[in-house]
Amino acid sequence: MIKKSSIILLTIIFLFVGLNSSLFAKKLKPGKVIKKVVTIPGNKAWTNTGIKVWPQDSITITASGFVFFSNESSGSKVGPNGYAAPDNGDAQEYYKSDYAGDYAYCGDPYEQWRHAALIGEVGSSKFLVGTKRVLKGKNGFLYLGINDCSFTGKYYNTGSFKAIIKVVRGK
């Protein structure tokens, strides 16, 4: 005789698995194309895109939008390429001098890339995305984020980037 609680538990598990099959990231047929639009809030370090990629997949990320990285000040408005220096100077040095308080509060997680630029992560691999990035050879879930360390509090961020992600499944 099966207990009523066992039947309820099995029903819940069945519904969870059935409704959330994407959690198991079943590998799709080669040539299959997945397109997804994801909003990356400026006040959050990382956003899970919900997309699992495999080493043979080709991934194209195209981004737009604006983030204000310092309390909505108009000078801190940046696109996905991050804070740029005039005359193609050193963007990190320019950021450090123009926003000394923000920089002193905490340094960027990845100083080799511009401040507040759109960045990505798959597994332990981190990379600059900017306005467009094409990738291959990655294995894991795709996350997108902002190259900043102060998302809320004294030097809070606002705005968001929008990323259009296209994954072509490889063989």
# chains A, B, ... in the order shown; residues from 1 in each chain; ligands from 1

call {"tool": "residues_around", "arguments": {"residues": "range 151-153 of chain A", "least_positions_apart": "3", "cutoff": "7 Å", "atoms": "only C-alpha atoms", "output": "number ranges by chain"}}
result
A: 43-44, 156-157

call {"tool": "residues_around", "arguments": {"residues": "Gly79 in chain A", "least_positions_apart": "3", "cutoff": "10 Å", "atoms": "only C-alpha atoms", "output": "VMD selection string"}}
result
chain A and resid 63 to 68 76 82 to 84 116 to 118 130 to 131 160 to 161

call {"tool": "select_by_dssp", "arguments": {"residues": "chain A", "states": "strand (DSSP E or B)", "output": "PyMOL selection string"}}
result
chain A and resi 33-41+46-53+58-68+77-78+118-122+125-128+132-136+140-146+158-168

call {"tool": "atom_distance", "arguments": {"atom1": "CA of Gln92 in chain A", "atom2": "CA of Thr39 in chain A"}}
result
25.4 Å

call {"tool": "atom_distance", "arguments": {"atom1": "CA of Tyr105 in chain A", "atom2": "CA of Phe69 in chain A"}}
result
12.7 Å

call {"tool": "select_by_dssp", "arguments": {"residues": "range 70-154 of chain A", "states": "helix (DSSP H, G or I)", "output": "PyMOL selection string"}}
result
chain A and resi 74-76+86-88+91-98+100-105

call {"tool": "closest_residue", "arguments": {"among": "A:Ser73, A:Asn88, A:Asn81, A:Asn147", "to": "Gly120 in chain A", "atoms": "only C-alpha atoms"}}
result
A:Asn147

call {"tool": "closest_residue", "arguments": {"among": "A:Val53, A:Gln112, A:Gly42, A:Tyr94", "to": "Cys149 in chain A", "atoms": "only C-alpha atoms"}}
result
A:Gly42

call {"tool": "closest_residue", "arguments": {"among": "A:Ile34, A:Val78, A:Ile146, A:Ile165", "to": "Thr47 in chain A", "atoms": "only C-alpha atoms"}}
result
A:Ile146

call {"tool": "atom_distance", "arguments": {"atom1": "CA of Cys106 in chain A", "atom2": "CA of Gly159 in chain A"}}
result
20.1 Å

call {"tool": "residues_around", "arguments": {"residues": "Lys52 in chain A", "least_positions_apart": "4", "cutoff": "8 Å", "atoms": "only C-alpha atoms", "output": "list in words"}}
result
Ala25, Asn139, Gly140, Phe141 and Leu142 of chain A

call {"tool": "closest_residue", "arguments": {"among": "A:Val122, A:Thr158, A:Val168, A:Asn71", "to": "Gly50 in chain A", "atoms": "only C-alpha atoms"}}
result
A:Val122

call {"tool": "closest_residue", "arguments": {"among": "A:Asp87, A:Asp57, A:Glu93, A:Asp102", "to": "Gly31 in chain A", "atoms": "only C-alpha atoms"}}
result
A:Asp57

call {"tool": "closest_residue", "arguments": {"among": "A:Ala91, A:Ile61, A:Ile40, A:Ala163", "to": "Phe127 in chain A", "atoms": "only C-alpha atoms"}}
result
A:Ile61

call {"tool": "residues_around", "arguments": {"residues": "Arg133 in chain A", "least_positions_apart": "2", "cutoff": "7 Å", "atoms": "only C-alpha atoms", "output": "list in words"}}
result
Thr60, Ile61, Thr62, Val129 and Leu135 of chain A
